[in-house]
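Here is the file target22.cif (mmCIF, C-alpha atoms).
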```cif
data_target
loop_
_atom_site.label_atom_id
_atom_site.label_comp_id
_atom_site.auth_asym_id
_atom_site.auth_seq_id
_atom_site.Cartn_x
_atom_site.Cartn_y
_atom_site.Cartn_z
CA MET A 1 96.80 74.62 89.86
CA PHE A 2 95.77 73.33 93.29
CA ALA A 3 98.95 74.61 94.88
CA VAL A 4 98.75 77.94 93.11
CA SER A 5 95.14 78.34 94.22
CA LEU A 6 96.20 77.75 97.79
CA LEU A 7 98.71 80.53 97.41
CA PHE A 8 96.04 83.06 96.58
CA LEU A 9 93.59 81.76 99.16
CA SER A 10 96.10 81.73 101.97
CA GLY A 11 97.91 84.98 101.24
CA CYS A 12 101.47 85.58 102.31
CA ALA A 13 100.93 87.81 105.32
CA SER A 14 98.30 88.93 107.77
CA VAL A 15 98.34 91.59 110.50
CA GLY A 16 95.48 92.41 112.83
CA VAL A 17 94.73 94.62 115.82
CA GLY A 18 93.42 93.75 119.27
CA ASN A 19 92.90 95.18 122.76
CA VAL A 20 91.72 98.48 121.32
CA PHE A 21 90.86 100.72 124.27
CA SER A 22 89.66 104.32 124.52
CA LYS A 23 90.77 106.27 127.57
CA GLY A 24 89.79 109.61 129.02
CA GLU A 25 88.13 112.40 127.09
CA ALA A 26 88.10 112.11 123.31
CA PRO A 27 89.59 114.97 121.27
CA LYS A 28 87.01 117.46 120.04
CA LYS A 29 88.46 117.83 116.54
CA LEU A 30 91.06 116.43 114.20
CA PRO A 31 94.62 117.48 114.99
CA ALA A 32 96.48 120.07 112.98
CA ARG A 33 99.27 117.48 112.83
CA ILE A 34 100.03 113.98 114.10
CA TYR A 35 103.59 113.32 115.24
CA VAL A 36 105.00 109.80 115.10
CA GLN A 37 107.99 108.67 117.11
CA GLU A 38 110.08 105.55 116.70
CA PHE A 39 108.84 102.68 118.86
CA LYS A 40 110.91 101.53 121.82
CA THR A 41 112.85 98.35 121.15
CA PRO A 42 113.88 95.99 123.96
CA GLU A 43 116.78 93.99 122.48
CA ASP A 44 115.35 90.68 123.69
CA SER A 45 112.25 91.27 121.57
CA PHE A 46 114.28 90.95 118.36
CA ARG A 47 115.03 87.44 117.10
CA VAL A 48 117.04 87.99 113.94
CA ASP A 49 120.19 86.56 112.38
CA ARG A 50 122.39 89.43 113.55
CA GLY A 51 124.36 90.45 116.59
CA GLY A 52 126.48 93.27 117.95
CA ASN A 53 126.70 96.36 115.77
CA ASP A 54 124.83 94.65 112.95
CA LEU A 55 121.89 94.03 115.28
CA MET A 56 121.90 97.65 116.46
CA ALA A 57 121.91 98.86 112.85
CA PHE A 58 119.07 96.48 111.98
CA ILE A 59 116.96 97.68 114.91
CA ALA A 60 117.62 101.35 114.09
CA ALA A 61 116.59 100.82 110.46
CA GLU A 62 113.46 98.91 111.48
CA ARG A 63 112.34 101.59 113.95
CA LEU A 64 112.73 104.37 111.41
CA ALA A 65 111.04 102.41 108.62
CA LEU A 66 107.97 101.61 110.73
CA ALA A 67 107.62 105.22 111.94
CA GLN A 68 107.85 106.49 108.36
CA ALA A 69 105.31 103.91 107.18
CA ILE A 70 102.86 105.03 109.88
CA VAL A 71 103.38 108.67 108.87
CA GLU A 72 102.60 107.78 105.27
CA GLN A 73 99.37 105.99 106.21
CA LEU A 74 98.19 108.72 108.58
CA ASN A 75 98.84 111.37 105.92
CA LYS A 76 96.71 109.37 103.54
CA TYR A 77 93.77 108.45 105.74
CA VAL A 78 93.61 110.60 108.91
CA ALA A 79 95.40 113.96 109.11
CA PRO A 80 98.75 115.59 108.25
CA ALA A 81 101.49 113.58 109.94
CA GLU A 82 105.19 114.05 110.55
CA PHE A 83 108.08 112.01 111.93
CA LEU A 84 109.38 113.23 115.29
CA GLY A 85 112.93 112.24 116.18
CA GLU A 86 113.71 110.38 119.39
CA GLY A 87 114.05 112.63 122.42
CA LYS A 88 112.21 115.51 120.79
CA GLU A 89 109.03 116.90 122.34
CA PRO A 90 106.00 117.64 120.15
CA PRO A 91 104.71 121.22 120.29
CA ARG A 92 101.77 121.89 122.60
CA GLY A 93 98.48 122.60 120.91
CA ASN A 94 96.03 120.76 118.70
CA PHE A 95 98.44 117.90 117.99
CA TRP A 96 98.54 114.14 118.55
CA LEU A 97 101.49 111.87 119.26
CA VAL A 98 101.76 108.21 118.23
CA THR A 99 104.34 106.04 119.94
CA GLY A 100 104.72 102.44 121.06
CA ILE A 101 106.94 99.47 121.75
CA TYR A 102 108.02 96.36 119.87
CA ASP A 103 106.92 93.26 121.78
CA ARG A 104 108.24 90.70 119.28
CA VAL A 105 110.15 90.72 116.03
CA ASN A 106 110.91 87.28 114.60
CA GLN A 107 112.74 87.24 111.28
CA GLY A 108 111.91 83.59 110.63
CA SER A 109 113.55 81.63 107.82
CA ARG A 110 113.09 82.55 104.16
CA ALA A 111 114.37 79.09 103.18
CA LEU A 112 111.67 77.34 105.22
CA ARG A 113 108.99 79.70 103.94
CA THR A 114 110.09 79.01 100.36
CA ILE A 115 110.39 75.23 100.64
CA VAL A 116 107.76 74.29 103.24
CA GLY A 117 105.50 77.29 103.87
CA PHE A 118 102.18 76.98 105.72
CA GLY A 119 103.73 78.86 108.66
CA ALA A 120 107.11 77.10 108.77
CA GLY A 121 109.86 79.73 109.00
CA GLY A 122 107.24 82.45 109.28
CA THR A 123 107.92 85.97 110.51
CA LYS A 124 106.22 87.62 113.45
CA LEU A 125 105.80 91.31 114.28
CA GLU A 126 103.94 92.42 117.41
CA THR A 127 103.66 95.95 118.81
CA ARG A 128 101.80 97.95 121.43
CA VAL A 129 100.68 101.42 120.40
CA GLN A 130 99.61 104.51 122.33
CA VAL A 131 98.06 107.70 120.95
CA PHE A 132 98.23 110.93 122.96
CA SER A 133 96.77 114.39 122.73
CA VAL A 134 99.34 117.10 123.51
CA SER A 135 96.90 119.99 123.81
CA GLY A 136 97.36 120.30 127.58
CA LYS A 137 100.30 120.74 129.92
CA LYS A 138 101.04 117.01 129.76
CA PRO A 139 100.37 114.45 127.01
CA SER A 140 97.04 112.71 127.60
CA GLN A 141 96.59 109.19 126.23
CA PHE A 142 93.21 108.59 124.60
CA LEU A 143 93.74 105.40 122.58
CA SER A 144 95.77 102.20 122.84
CA LEU A 145 95.96 99.01 120.81
CA LEU A 146 98.18 96.08 119.97
CA THR A 147 99.10 94.66 116.59
CA SER A 148 100.10 91.11 115.76
CA GLY A 149 100.79 89.27 112.54
CA GLY A 150 103.33 87.66 110.30
CA SER A 151 104.27 86.18 106.94
CA GLY A 152 104.68 82.59 105.87
CA ILE A 153 101.13 81.26 105.57
CA ALA A 154 101.41 80.57 101.84
CA PRO A 155 102.37 77.03 100.71
CA GLY A 156 105.99 76.32 99.86
CA ALA A 157 107.44 74.44 96.92
CA TRP A 158 106.73 71.00 98.37
CA ALA A 159 102.97 71.59 98.11
CA ALA A 160 103.27 71.30 94.32
CA PHE A 161 103.37 67.50 94.74
CA THR A 162 100.05 66.21 93.46
CA PRO A 163 98.11 63.54 95.35
CA ALA A 164 99.39 61.06 92.79
CA GLY A 165 102.97 61.93 93.69
CA VAL A 166 103.80 63.71 90.44
CA PHE A 167 105.86 66.84 90.98
CA SER A 168 104.73 70.00 89.21
CA VAL A 169 107.72 72.20 88.40
CA PRO A 170 105.63 75.26 87.42
CA GLY A 171 103.58 74.86 90.57
CA ALA A 172 106.68 74.57 92.73
CA VAL A 173 108.17 77.69 91.19
CA ALA A 174 104.93 79.63 91.72
CA ASN A 175 104.63 78.49 95.32
CA ALA A 176 108.27 79.17 96.14
CA GLY A 177 108.10 82.62 94.61
CA GLY A 178 104.94 83.53 96.49
CA ALA A 179 106.18 82.22 99.82
CA SER A 180 109.52 83.98 99.49
CA LEU A 181 107.76 87.35 99.14
CA GLY A 182 106.74 87.23 102.79
CA GLY A 183 108.98 89.00 105.27
CA LEU A 184 109.28 91.71 107.89
CA SER A 185 109.02 94.46 105.28
CA ILE A 186 105.50 93.30 104.36
CA ASP A 187 104.59 92.85 108.03
CA ARG A 188 105.78 96.39 108.73
CA LYS A 189 103.69 97.93 105.96
CA ARG A 190 100.59 96.07 107.08
CA THR A 191 101.22 96.96 110.71
CA ALA A 192 101.40 100.65 109.79
CA ARG A 193 98.24 100.34 107.74
CA GLU A 194 96.30 98.71 110.60
CA ILE A 195 97.50 101.30 113.13
CA ALA A 196 96.30 104.11 110.87
CA ALA A 197 93.02 102.29 110.22
CA THR A 198 92.39 101.93 113.97
CA ILE A 199 92.96 105.66 114.49
CA SER A 200 90.71 106.38 111.50
CA GLU A 201 87.92 104.24 112.95
CA TYR A 202 88.31 105.98 116.32
CA CYS A 203 87.96 109.35 114.60
CA PHE A 204 84.74 108.24 112.91
CA GLN A 205 83.32 106.83 116.15
CA HIS A 206 83.86 110.22 117.82
CA GLY A 207 82.47 112.31 114.98
CA LEU A 208 85.81 113.65 113.73
CA ILE A 209 85.59 112.27 110.17
CA PRO A 210 82.66 111.13 108.00
CA GLU A 211 82.07 107.45 107.35
CA ARG A 212 83.09 107.78 103.70
CA LYS A 213 86.65 108.63 104.80
CA MET A 214 86.93 105.94 107.46
CA ARG A 215 89.21 102.91 107.19
CA ARG A 216 88.33 99.82 109.23
CA PRO A 217 91.14 97.80 110.82
CA LYS A 218 91.37 94.03 110.65
CA ARG A 219 90.55 92.62 114.08
CA LEU A 220 92.59 89.67 115.25
CA GLY A 221 90.72 86.46 114.58
CA GLU A 222 88.33 88.07 112.09
CA LEU A 223 88.23 88.38 108.32
CA PRO A 224 89.50 91.68 106.85
CA ALA A 225 86.92 94.47 106.80
CA VAL A 226 85.45 95.55 103.49
CA GLN A 227 86.99 98.92 102.64
CA ARG A 228 85.70 101.66 100.43
CA PRO A 229 87.97 101.86 97.37
CA ASP A 230 90.19 104.88 96.87
CA PHE A 231 89.05 106.92 93.89
CA VAL A 232 91.60 109.24 92.35
CA VAL A 233 90.30 111.70 89.76
CA PRO A 234 93.18 112.84 87.54
CA ARG A 235 93.47 116.56 87.04
CA SER A 236 93.01 117.81 83.50
CA GLY A 237 96.15 118.48 81.56
CA LEU A 238 98.24 115.90 83.49
#
```
Could you write out this structure as structure tokens?
Amino acid sequence: MFAVSLLFLSGCASVGVGNVFSKGEAPKKLPARIYVQEFKTPEDSFRVDRGGNDLMAFIAAERLALAQAIVEQLNKYVAPAEFLGEGKEPPRGNFWLVTGIYDRVNQGSRALRTIVGFGAGGTKLETRVQVFSVSGKKPSQFLSLLTSGGSGIAPGAWAAFTPAGVFSVPGAVANAGGASLGGLSIDRKRTAREIAATISEYCFQHGLIPERKMRRPKRLGELPAVQRPDFVVPRSGL
């Protein structure tokens, strides 16, 4: 039970935001649409168990998946959002553009996370993000932030040893299963969520959305913010 409790207390992943800066004049209203482009990916920022064409395919899939995850979160919490392919220019008008760069992608080791845990074999995903208004002749950046986080905090199977030295098989299985759930896919989803939450908070701070619709991001080094729950009222007849 001790080991299982640690699993729930520790969690399997955490992503936070930092260096959140406003720049220039804030937009006067919510955009008609937010466009999201794939983040730039210096090859040396990816530390994964692939090379050559396999590495290129992995990077391409990761870029697309993160952009789509950000679109999904922005659609849900900020304003209508749409993926914008690489090399394409967003239309001029009441639109925003979200783009960025991968600073670090570390795949870690699932085996170490499963057996040892507590950070051993953990993943790491770090990005820098810029948000632009494209209402003028040139895109104008008004917000920037960085994200950082990873998986692998949960205890691994070895933590199921009791202080008396007796090995708990159920505890080991629970720990190993929880630790193995961590990975870049979870980091990506949480990164997208925190990016959207930062933009949502910015919108509230500048009077673009009411507080009841705002999402608060998790600041690096701080406990997660308390969020208002999402209430969904089912339509009659469905």
task = In Å, rounded to a single decimal, give me how far atom CA of A:Leu74 is from atom CA of A:Glu211.
result =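 Separation between atom CA of A:Glu211 and atom CA of A:Leu74: 16.2 Å.
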query = If you count all atoms listed in the file, which residues fall within 10 Å of A:Ala69, apart from same-chain ones fewer than 3 positions away, as number ranges by chain?
reply = A: 36, 64-66, 72-75, 83, 188-193, 196
note = One decimal place gives the atom CA of A:Gly150-atom CA of A:Arg63 separation as 17.0 Å
Gap from atom CA of A:Phe95 to atom CA of A:Tyr35 - Å, one decimal =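 If I compute the distance from atom CA of A:Phe95 to atom CA of A:Tyr35, I get 7.4 Å.
This file gives the following result for the PyMOL selection byres ((chain A and resi 131-136) around 8): Pro27, Pro90, Pro91, Arg92, Gly93, Asn94, Phe95, Trp96, Leu97, Val98, Thr99, Val129, Gln130, Lys137, Lys138, Pro139, Ser140, Gln141, Phe142, Leu143 and Ser144 of chain A.
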inquiry  = For a quick check of understanding, using only C-alpha atoms, which of A:Ala197, A:Val48, A:Leu84, A:Ile59 has the smallest distance to A:Lys124?
reply    =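 Ranking A:Ala197, A:Val48, A:Leu84, A:Ile59 by distance to A:Lys124, first place goes to A:Val48.
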message = I need the output of the PyMOL selection byres ((chain A and resi 102) around 6) for this file as a ChimeraX atom specification; which residues are they?
response = /A:41,101,103-104,127
key: Residue among A:Asn106, A:Tyr77, A:Leu145, A:Gly122 lying closest to A:Arg215, counting all atoms listed in the file   =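 Residue with the minimum atom-to-atom distance to A:Arg215: A:Tyr77.
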request  = Enumerate, as a PyMOL selection string, the residues matched when the PyMOL selection byres ((chain A and resi 19) around 9) is run on the file above.
outcome  = chain A and resi 17-18+20-21+144-147
Residues within 10 Å of A:Pro217, all atoms listed in the file, excluding chain neighbours under 2 positions, as a list in words =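 Here the answer would be Val15, Gly16, Val17, Gly18, Arg193, Glu194, Ile195, Ala196, Ala197, Thr198, Ile199, Ser200, Glu201, Met214, Arg215, Arg219, Leu220, Pro224, Ala225, Val226 and Gln227 of chain A.
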